[in-house]
$ cat input_36.cif   # mmCIF, C-alpha atoms
data_structure
loop_
_atom_site.group_PDB
_atom_site.id
_atom_site.type_symbol
_atom_site.label_atom_id
_atom_site.label_comp_id
_atom_site.auth_asym_id
_atom_site.auth_seq_id
_atom_site.Cartn_x
_atom_site.Cartn_y
_atom_site.Cartn_z
ATOM 1 C CA MET A 206 -11.613 -9.536 -5.763
ATOM 2 C CA ILE A 207 -8.839 -11.385 -3.939
ATOM 3 C CA PRO A 208 -7.970 -14.467 -6.029
ATOM 4 C CA GLY A 209 -8.786 -17.731 -4.302
ATOM 5 C CA PHE A 210 -11.174 -16.162 -1.793
ATOM 6 C CA ASP A 211 -14.904 -16.827 -1.548
ATOM 7 C CA TYR A 212 -17.192 -13.828 -1.211
ATOM 8 C CA LEU A 213 -20.123 -13.723 1.178
ATOM 9 C CA ARG A 214 -22.714 -11.224 2.354
ATOM 10 C CA VAL A 215 -23.131 -11.745 6.068
ATOM 11 C CA PRO A 216 -25.877 -10.124 8.185
ATOM 12 C CA VAL A 217 -24.373 -8.536 11.308
ATOM 13 C CA ALA A 218 -27.056 -6.168 12.591
ATOM 14 C CA ASP A 219 -30.607 -5.131 11.776
ATOM 15 C CA GLY A 220 -30.568 -4.073 8.143
ATOM 16 C CA VAL A 221 -26.773 -4.274 7.866
ATOM 17 C CA SER A 222 -24.783 -6.929 6.034
ATOM 18 C CA LEU A 223 -21.050 -6.923 5.384
ATOM 19 C CA ASN A 224 -19.269 -8.007 2.237
ATOM 20 C CA ALA A 225 -16.484 -10.406 3.229
ATOM 21 C CA ALA A 226 -13.770 -12.367 1.447
ATOM 22 C CA VAL A 227 -12.943 -15.686 3.159
ATOM 23 C CA ALA A 228 -10.315 -18.359 2.508
ATOM 24 C CA GLY A 229 -8.072 -20.875 4.234
ATOM 25 C CA SER A 230 -8.448 -23.063 7.294
ATOM 26 C CA GLY A 231 -7.036 -23.047 10.795
ATOM 27 C CA SER A 232 -7.215 -20.463 13.550
ATOM 28 C CA PRO A 233 -9.210 -17.430 12.361
ATOM 29 C CA VAL A 234 -7.736 -14.022 11.588
ATOM 30 C CA VAL A 235 -9.894 -11.033 10.658
ATOM 31 C CA LEU A 236 -8.257 -8.207 8.686
ATOM 32 C CA LEU A 237 -9.858 -4.738 8.661
ATOM 33 C CA HIS A 238 -9.031 -2.179 5.978
ATOM 34 C CA GLY A 239 -8.285 1.512 6.274
ATOM 35 C CA PHE A 240 -9.057 4.770 4.449
ATOM 36 C CA PRO A 241 -9.475 5.385 1.559
ATOM 37 C CA GLN A 242 -9.478 1.668 0.800
ATOM 38 C CA THR A 243 -11.512 -1.520 0.906
ATOM 39 C CA HIS A 244 -10.728 -5.103 1.900
ATOM 40 C CA LEU A 245 -8.562 -5.302 -1.247
ATOM 41 C CA MET A 246 -5.705 -3.623 0.622
ATOM 42 C CA TRP A 247 -5.052 -6.984 2.333
ATOM 43 C CA ARG A 248 -4.789 -8.972 -0.922
ATOM 44 C CA HIS A 249 -1.087 -9.890 -0.497
ATOM 45 C CA VAL A 250 -1.087 -10.480 3.257
ATOM 46 C CA ALA A 251 -4.384 -12.372 3.213
ATOM 47 C CA ALA A 252 -3.226 -14.792 0.531
ATOM 48 C CA ASP A 253 -0.092 -15.595 2.535
ATOM 49 C CA LEU A 254 -1.893 -16.051 5.864
ATOM 50 C CA ALA A 255 -4.561 -18.253 4.269
ATOM 51 C CA ALA A 256 -1.939 -20.993 3.896
ATOM 52 C CA ASP A 257 -2.478 -21.891 7.556
ATOM 53 C CA HIS A 258 -5.267 -19.682 8.909
ATOM 54 C CA THR A 259 -8.886 -18.980 8.171
ATOM 55 C CA VAL A 260 -8.660 -15.419 6.859
ATOM 56 C CA ILE A 261 -11.670 -13.102 6.808
ATOM 57 C CA CYS A 262 -11.433 -9.728 5.051
ATOM 58 C CA PRO A 263 -14.618 -7.661 5.293
ATOM 59 C CA ASP A 264 -15.503 -4.256 3.984
ATOM 60 C CA LEU A 265 -16.361 -2.188 7.043
ATOM 61 C CA ARG A 266 -19.865 -0.853 7.529
ATOM 62 C CA GLY A 267 -20.170 2.185 5.263
ATOM 63 C CA TYR A 268 -17.334 1.140 2.933
ATOM 64 C CA GLY A 269 -16.864 -0.904 -0.233
ATOM 65 C CA ASP A 270 -19.660 -3.353 -0.953
ATOM 66 C CA SER A 271 -20.944 -3.491 2.636
ATOM 67 C CA ASP A 272 -24.181 -1.794 3.621
ATOM 68 C CA LYS A 273 -24.167 1.925 4.328
ATOM 69 C CA PRO A 274 -26.945 2.765 6.769
ATOM 70 C CA GLU A 275 -27.930 6.394 7.166
ATOM 71 C CA ALA A 276 -26.231 8.075 10.124
ATOM 72 C CA VAL A 277 -29.438 8.952 11.964
ATOM 73 C CA SER A 278 -27.499 9.100 15.237
ATOM 74 C CA GLU A 279 -23.836 9.311 16.183
ATOM 75 C CA ASP A 280 -23.654 5.693 17.285
ATOM 76 C CA VAL A 281 -24.494 4.305 13.803
ATOM 77 C CA TYR A 282 -20.838 4.735 12.816
ATOM 78 C CA SER A 283 -19.251 4.637 16.252
ATOM 79 C CA LYS A 284 -16.315 2.277 16.486
ATOM 80 C CA ARG A 285 -18.261 0.419 19.174
ATOM 81 C CA THR A 286 -21.020 -0.332 16.662
ATOM 82 C CA MET A 287 -18.573 -1.159 13.884
ATOM 83 C CA ALA A 288 -16.641 -3.447 16.255
ATOM 84 C CA ALA A 289 -19.855 -5.254 17.161
ATOM 85 C CA ASP A 290 -20.362 -5.823 13.425
ATOM 86 C CA ILE A 291 -17.025 -7.632 13.241
ATOM 87 C CA VAL A 292 -17.716 -9.804 16.274
ATOM 88 C CA ALA A 293 -21.111 -10.710 14.783
ATOM 89 C CA LEU A 294 -19.500 -11.436 11.401
ATOM 90 C CA ALA A 295 -17.013 -13.864 12.920
ATOM 91 C CA ARG A 296 -19.721 -15.502 14.986
ATOM 92 C CA GLU A 297 -21.918 -15.985 11.906
ATOM 93 C CA LEU A 298 -18.970 -17.697 10.231
ATOM 94 C CA GLY A 299 -18.532 -20.015 13.222
ATOM 95 C CA HIS A 300 -15.737 -18.295 15.141
ATOM 96 C CA GLY A 301 -16.320 -17.372 18.777
ATOM 97 C CA ARG A 302 -12.708 -16.228 19.241
ATOM 98 C CA PHE A 303 -10.328 -14.797 16.663
ATOM 99 C CA ALA A 304 -7.251 -12.686 16.072
ATOM 100 C CA LEU A 305 -7.848 -9.199 14.703
ATOM 101 C CA ALA A 306 -5.661 -6.858 12.681
ATOM 102 C CA GLY A 307 -6.635 -3.425 11.423
ATOM 103 C CA HIS A 308 -5.109 -0.633 9.400
ATOM 104 C CA ASP A 309 -6.003 3.044 9.807
ATOM 105 C CA ARG A 310 -9.798 3.260 10.332
ATOM 106 C CA GLY A 311 -9.927 -0.511 10.622
ATOM 107 C CA ALA A 312 -7.333 -0.338 13.380
ATOM 108 C CA LEU A 313 -9.620 1.961 15.363
ATOM 109 C CA VAL A 314 -12.441 -0.558 14.943
ATOM 110 C CA ALA A 315 -10.066 -3.345 15.985
ATOM 111 C CA PHE A 316 -8.952 -1.406 19.073
ATOM 112 C CA ARG A 317 -12.552 -0.885 20.147
ATOM 113 C CA ALA A 318 -13.381 -4.551 19.513
ATOM 114 C CA ALA A 319 -10.470 -5.597 21.717
ATOM 115 C CA MET A 320 -11.513 -3.190 24.476
ATOM 116 C CA ASP A 321 -15.193 -4.157 24.369
ATOM 117 C CA HIS A 322 -14.800 -7.896 23.683
ATOM 118 C CA PRO A 323 -11.584 -9.012 25.439
ATOM 119 C CA SER A 324 -12.676 -12.638 25.727
ATOM 120 C CA THR A 325 -13.329 -12.765 21.978
ATOM 121 C CA ILE A 326 -10.182 -11.139 20.540
ATOM 122 C CA THR A 327 -7.160 -13.397 21.062
ATOM 123 C CA HIS A 328 -4.514 -11.117 19.479
ATOM 124 C CA LEU A 329 -4.601 -7.516 18.236
ATOM 125 C CA ALA A 330 -2.516 -5.835 15.539
ATOM 126 C CA SER A 331 -2.761 -2.113 14.784
ATOM 127 C CA LEU A 332 -1.210 -0.551 11.680
ATOM 128 C CA ASP A 333 -0.324 3.151 11.644
ATOM 129 C CA VAL A 334 -2.756 4.786 14.059
ATOM 130 C CA LEU A 335 -3.001 5.853 17.660
ATOM 131 C CA PRO A 336 -6.101 5.193 19.753
ATOM 132 C CA THR A 337 -8.646 7.941 19.116
ATOM 133 C CA ALA A 338 -8.184 9.866 22.366
ATOM 134 C CA ASP A 339 -4.412 9.915 21.955
ATOM 135 C CA MET A 340 -4.712 10.958 18.323
ATOM 136 C CA TRP A 341 -6.669 14.088 19.160
ATOM 137 C CA GLU A 342 -4.316 14.970 22.000
ATOM 138 C CA VAL A 343 -1.166 14.893 19.842
ATOM 139 C CA MET A 344 -2.700 16.852 16.947
ATOM 140 C CA ASN A 345 -1.732 20.453 17.614
ATOM 141 C CA GLY A 346 0.110 23.324 15.987
ATOM 142 C CA VAL A 347 1.129 23.718 12.375
ATOM 143 C CA ALA A 348 2.315 20.097 12.115
ATOM 144 C CA ALA A 349 -1.283 18.954 12.615
ATOM 145 C CA ALA A 350 -2.163 20.317 9.158
ATOM 146 C CA VAL A 351 -1.315 16.849 7.848
ATOM 147 C CA GLY A 352 -4.581 15.737 9.470
ATOM 148 C CA PHE A 353 -6.789 18.412 7.912
ATOM 149 C CA HIS A 354 -9.287 15.771 6.789
ATOM 150 C CA LEU A 355 -9.932 14.819 10.424
ATOM 151 C CA TYR A 356 -11.122 18.331 11.181
ATOM 152 C CA LEU A 357 -13.062 18.710 7.931
ATOM 153 C CA MET A 358 -15.080 15.553 8.468
ATOM 154 C CA ALA A 359 -15.627 16.380 12.145
ATOM 155 C CA GLN A 360 -17.885 19.281 11.142
ATOM 156 C CA PRO A 361 -21.698 19.008 11.445
ATOM 157 C CA PRO A 362 -23.521 17.171 8.641
ATOM 158 C CA GLY A 363 -23.896 19.041 5.394
ATOM 159 C CA LEU A 364 -20.851 21.000 4.315
ATOM 160 C CA PRO A 365 -18.190 18.245 4.518
ATOM 161 C CA GLU A 366 -20.314 15.846 2.494
ATOM 162 C CA GLN A 367 -21.072 18.505 -0.103
ATOM 163 C CA MET A 368 -17.464 19.596 -0.477
ATOM 164 C CA ILE A 369 -16.045 16.070 -0.715
ATOM 165 C CA ALA A 370 -18.734 14.768 -3.078
ATOM 166 C CA ALA A 371 -18.120 17.713 -5.424
ATOM 167 C CA SER A 372 -14.524 16.577 -5.981
ATOM 168 C CA ALA A 373 -14.462 13.029 -4.654
ATOM 169 C CA ASP A 374 -11.729 11.558 -6.853
ATOM 170 C CA ALA A 375 -9.410 14.487 -6.175
ATOM 171 C CA PHE A 376 -10.088 14.318 -2.428
ATOM 172 C CA PHE A 377 -9.611 10.585 -1.938
ATOM 173 C CA GLY A 378 -6.865 10.376 -4.552
ATOM 174 C CA HIS A 379 -4.910 13.023 -2.642
ATOM 175 C CA PHE A 380 -4.402 10.601 0.256
ATOM 176 C CA LEU A 381 -3.523 7.678 -2.003
ATOM 177 C CA ASP A 382 -0.807 9.844 -3.536
ATOM 178 C CA LEU A 383 0.427 11.643 -0.421
ATOM 179 C CA TRP A 384 0.605 8.720 1.967
ATOM 180 C CA ALA A 385 2.348 6.165 -0.274
ATOM 181 C CA ASN A 386 6.125 5.977 -0.367
ATOM 182 C CA SER A 387 5.809 3.411 -3.173
ATOM 183 C CA PRO A 388 3.055 4.512 -5.586
ATOM 184 C CA ASP A 389 3.479 1.326 -7.633
ATOM 185 C CA ALA A 390 2.169 -0.653 -4.657
ATOM 186 C CA ILE A 391 -1.353 0.456 -5.581
ATOM 187 C CA PRO A 392 -1.778 -0.432 -9.269
ATOM 188 C CA ALA A 393 -4.184 1.460 -11.503
ATOM 189 C CA ASP A 394 -7.013 -1.067 -11.302
ATOM 190 C CA VAL A 395 -6.892 -1.198 -7.502
ATOM 191 C CA ARG A 396 -6.685 2.591 -7.280
ATOM 192 C CA ALA A 397 -9.731 2.863 -9.526
ATOM 193 C CA ALA A 398 -11.602 0.406 -7.305
ATOM 194 C CA TYR A 399 -10.745 2.445 -4.204
ATOM 195 C CA LEU A 400 -11.838 5.714 -5.796
ATOM 196 C CA ARG A 401 -15.079 4.220 -7.081
ATOM 197 C CA ALA A 402 -15.893 2.735 -3.668
ATOM 198 C CA CYS A 403 -15.183 6.019 -1.872
ATOM 199 C CA ARG A 404 -17.088 8.079 -4.426
ATOM 200 C CA GLU A 405 -20.153 5.945 -3.716
ATOM 201 C CA ALA A 406 -19.797 6.187 0.073
ATOM 202 C CA VAL A 407 -19.118 9.835 0.913
ATOM 203 C CA PRO A 408 -21.883 10.230 3.552
ATOM 204 C CA SER A 409 -20.932 7.064 5.452
ATOM 205 C CA ILE A 410 -17.190 7.738 5.300
ATOM 206 C CA VAL A 411 -17.754 11.229 6.693
ATOM 207 C CA ALA A 412 -20.027 9.788 9.383
ATOM 208 C CA ASP A 413 -17.288 7.334 10.375
ATOM 209 C CA TYR A 414 -14.792 10.176 10.795
ATOM 210 C CA ARG A 415 -17.317 12.435 12.516
ATOM 211 C CA ALA A 416 -17.901 9.728 15.125
ATOM 212 C CA SER A 417 -14.201 9.786 15.972
ATOM 213 C CA ALA A 418 -14.457 13.444 16.953
ATOM 214 C CA GLY A 419 -17.327 12.712 19.319
ATOM 215 C CA ILE A 420 -18.604 9.399 20.584
ATOM 216 C CA ASP A 421 -15.417 7.411 19.839
ATOM 217 C CA ASN A 422 -13.275 9.866 21.751
ATOM 218 C CA ALA A 423 -15.705 9.714 24.664
ATOM 219 C CA HIS A 424 -15.502 5.917 24.740
ATOM 220 C CA ASP A 425 -11.688 5.984 24.810
ATOM 221 C CA LEU A 426 -11.605 8.603 27.553
ATOM 222 C CA ALA A 427 -14.045 6.574 29.641
ATOM 223 C CA ASP A 428 -11.869 3.463 29.312
ATOM 224 C CA ARG A 429 -8.769 5.440 30.201
ATOM 225 C CA ALA A 430 -10.446 6.901 33.295
ATOM 226 C CA ALA A 431 -11.576 3.429 34.370
ATOM 227 C CA GLY A 432 -8.069 2.025 33.926
ATOM 228 C CA ASN A 433 -9.187 -0.480 31.291
ATOM 229 C CA ARG A 434 -6.384 -2.076 29.289
ATOM 230 C CA LEU A 435 -5.968 -4.461 26.391
ATOM 231 C CA ARG A 436 -5.640 -7.961 27.820
ATOM 232 C CA MET A 437 -4.301 -9.771 24.755
ATOM 233 C CA PRO A 438 -0.906 -9.694 23.007
ATOM 234 C CA VAL A 439 -0.696 -6.537 20.887
ATOM 235 C CA ALA A 440 1.514 -5.678 17.914
ATOM 236 C CA VAL A 441 1.711 -2.123 16.576
ATOM 237 C CA LEU A 442 3.395 -1.113 13.318
ATOM 238 C CA GLN A 443 3.724 2.630 12.735
ATOM 239 C CA GLN A 444 5.554 5.165 10.674
ATOM 240 C CA ASP A 445 7.601 7.579 12.760
ATOM 241 C CA TRP A 446 4.797 10.083 13.268
ATOM 242 C CA GLY A 447 6.032 10.645 16.799
ATOM 243 C CA ALA A 448 9.186 12.285 15.507
ATOM 244 C CA ALA A 449 7.149 14.558 13.236
ATOM 245 C CA LEU A 450 4.484 15.544 15.765
ATOM 246 C CA GLY A 451 6.495 15.352 18.981
ATOM 247 C CA PHE A 452 5.089 12.354 20.854
ATOM 248 C CA ASP A 453 6.275 8.960 22.061
ATOM 249 C CA ALA A 454 4.163 6.528 20.022
ATOM 250 C CA ALA A 455 5.363 3.414 21.822
ATOM 251 C CA GLY A 456 4.781 5.048 25.192
ATOM 252 C CA LEU A 457 1.239 6.022 24.303
ATOM 253 C CA TRP A 458 0.460 2.518 23.143
ATOM 254 C CA ARG A 459 2.125 0.925 26.160
ATOM 255 C CA ALA A 460 -0.309 2.746 28.430
ATOM 256 C CA TRP A 461 -3.092 0.726 26.780
ATOM 257 C CA ALA A 462 -1.272 -2.531 26.068
ATOM 258 C CA PRO A 463 0.958 -4.135 28.722
ATOM 259 C CA ASP A 464 1.861 -7.001 26.335
ATOM 260 C CA LEU A 465 3.080 -4.830 23.460
ATOM 261 C CA GLU A 466 5.474 -5.264 20.544
ATOM 262 C CA HIS A 467 5.892 -1.836 18.888
ATOM 263 C CA THR A 468 7.711 -1.519 15.555
ATOM 264 C CA THR A 469 8.578 1.615 13.588
ATOM 265 C CA VAL A 470 8.483 0.956 9.844
ATOM 266 C CA THR A 471 10.157 2.799 6.986
ATOM 267 C CA CYS A 472 7.512 2.134 4.326
ATOM 268 C CA GLY A 473 4.593 4.478 3.709
ATOM 269 C CA HIS A 474 1.164 4.483 5.309
ATOM 270 C CA PHE A 475 -0.205 1.758 3.045
ATOM 271 C CA MET A 476 2.166 -0.789 4.532
ATOM 272 C CA ALA A 477 0.163 -3.932 3.755
ATOM 273 C CA GLU A 478 0.483 -3.022 0.084
ATOM 274 C CA GLU A 479 3.919 -1.386 0.161
ATOM 275 C CA SER A 480 5.643 -3.926 2.420
ATOM 276 C CA PRO A 481 3.393 -6.997 2.659
ATOM 277 C CA ALA A 482 6.190 -9.376 3.642
ATOM 278 C CA GLU A 483 7.068 -7.200 6.654
ATOM 279 C CA VAL A 484 3.431 -6.982 7.721
ATOM 280 C CA THR A 485 2.869 -10.706 7.286
ATOM 281 C CA LYS A 486 5.995 -11.506 9.305
ATOM 282 C CA ALA A 487 4.801 -9.236 12.121
ATOM 283 C CA LEU A 488 1.340 -10.814 12.131
ATOM 284 C CA ARG A 489 2.767 -14.317 12.223
ATOM 285 C CA ALA A 490 5.022 -13.322 15.121
ATOM 286 C CA LEU A 491 2.011 -11.886 16.947
ATOM 287 C CA LEU A 492 -0.043 -15.044 16.392
ATOM 288 C CA GLY A 493 2.803 -17.060 17.893
ATOM 289 C CA ARG A 494 2.780 -15.103 21.153
#
$ encode --input "input_36.cif" --output "structure tokens"
Amino acid sequence: MIPGFDYLRVPVADGVSLNAAVAGSGSPVVLLHGFPQTHLMWRHVAADLAADHTVICPDLRGYGDSDKPEAVSEDVYSKRTMAADIVALARELGHGRFALAGHDRGALVAFRAAMDHPSTITHLASLDVLPTADMWEVMNGVAAAVGFHLYLMAQPPGLPEQMIAASADAFFGHFLDLWANSPDAIPADVRAAYLRACREAVPSIVADYRASAGIDNAHDLADRAAGNRLRMPVAVLQQDWGAALGFDAAGLWRAWAPDLEHTTVTCGHFMAEESPAEVTKALRALLGR
């Protein structure tokens, strides 16, 4: 648990409630976690922001202590559905408009929330991803092997779940080890909490990723074709994946976000844990725009 935060279970859809940590007062900021993590990844940043904001840190649908509905159709774990969860969560807590920051999978949910609910999301921060359609378009050749998990979990239901569940700690632990430049940023107790949460959520995590290879990509492509853009101030923090995979990250983001501040960071993927002061500074700068 994040010290000083209250924990709530908030209904957001039929049969689905989210676990959320809440603290502070002032203008609301919602922080969405990435993979293979839970809301705990925001523990440093959230505590700082709560000094002058209402901070809400949920576990996404299918993750952590939030509900994990069966993926009976592809839209159950679409980012559109998961984004609607977050809008409903904020509304249930009394916030009709709020700033939104997401890391990794949470950043994809945040992007979709900002596209689908532009009058609700006042500011958007994205940590270390590209929008789904762009992500698939830049993944090619041998360099794309770094994203092997994207292709594994894109396969039809059955085999991915079986393979991952058979060696869950090794699978999820691989990313915690590989993607961190500063392993000490994720202490043993937090690592154990992440692994336990992922071990208990293999079907829903796979369903989340599978949606990105289908319905989520279709939603992004439809918005691109319609010329839809993000209307709010946007801040993006990314590692230099563009140099490794041969794309212009800032240029890709600028096509979606006219009011963009793009920053390349030197820390690892888990930047809110590896470099929380840098992330907090960027979020405060965004909220001031």
$ residues_around --input "input_36.cif" --residues "His238 (chain A)" --least-positions-apart "3" --cutoff "6 Å" --atoms "all atoms listed in the file" --output "ChimeraX atom specification"
/A:243-244,308,311
$ residues_near_point --input "input_36.cif" --point "(2.8, 6.3, 21.2)" --cutoff "10 Å" --atoms "only C-alpha atoms" --output "number ranges by chain"
A: 334-336, 339-340, 343, 441, 443, 445-447, 452-461, 467
$ write_last_selection --input "input_36.cif" --atoms "C-alpha atoms" --output "mmCIF file, in the frame of the given file"
data_model
loop_
_atom_site.group_PDB
_atom_site.id
_atom_site.type_symbol
_atom_site.label_atom_id
_atom_site.label_comp_id
_atom_site.auth_asym_id
_atom_site.auth_seq_id
_atom_site.Cartn_x
_atom_site.Cartn_y
_atom_site.Cartn_z
ATOM 1 C CA VAL A 334 -2.756 4.786 14.059
ATOM 2 C CA LEU A 335 -3.001 5.853 17.660
ATOM 3 C CA PRO A 336 -6.101 5.193 19.753
ATOM 4 C CA ASP A 339 -4.412 9.915 21.955
ATOM 5 C CA MET A 340 -4.712 10.958 18.323
ATOM 6 C CA VAL A 343 -1.166 14.893 19.842
ATOM 7 C CA VAL A 441 1.711 -2.123 16.576
ATOM 8 C CA GLN A 443 3.724 2.630 12.735
ATOM 9 C CA ASP A 445 7.601 7.579 12.760
ATOM 10 C CA TRP A 446 4.797 10.083 13.268
ATOM 11 C CA GLY A 447 6.032 10.645 16.799
ATOM 12 C CA PHE A 452 5.089 12.354 20.854
ATOM 13 C CA ASP A 453 6.275 8.960 22.061
ATOM 14 C CA ALA A 454 4.163 6.528 20.022
ATOM 15 C CA ALA A 455 5.363 3.414 21.822
ATOM 16 C CA GLY A 456 4.781 5.048 25.192
ATOM 17 C CA LEU A 457 1.239 6.022 24.303
ATOM 18 C CA TRP A 458 0.460 2.518 23.143
ATOM 19 C CA ARG A 459 2.125 0.925 26.160
ATOM 20 C CA ALA A 460 -0.309 2.746 28.430
ATOM 21 C CA TRP A 461 -3.092 0.726 26.780
ATOM 22 C CA HIS A 467 5.892 -1.836 18.888
#
$ atom_distance --input "input_36.cif" --atom1 "CA of Leu426 (chain A)" --atom2 "CA of Gln444 (chain A)"
24.3 Å
$ atom_distance --input "input_36.cif" --atom1 "CA of Ala225 (chain A)" --atom2 "CA of Gly269 (chain A)"
10.1 Å
$ axis_aligned_box --input "input_36.cif" --around "region 218-236 of chain A" --padding-each-side "5 Å" --output "JSON"
{"center_x": -18.8, "center_y": -13.6, "center_z": 7.5, "size_x": 33.6, "size_y": 29.0, "size_z": 22.1}
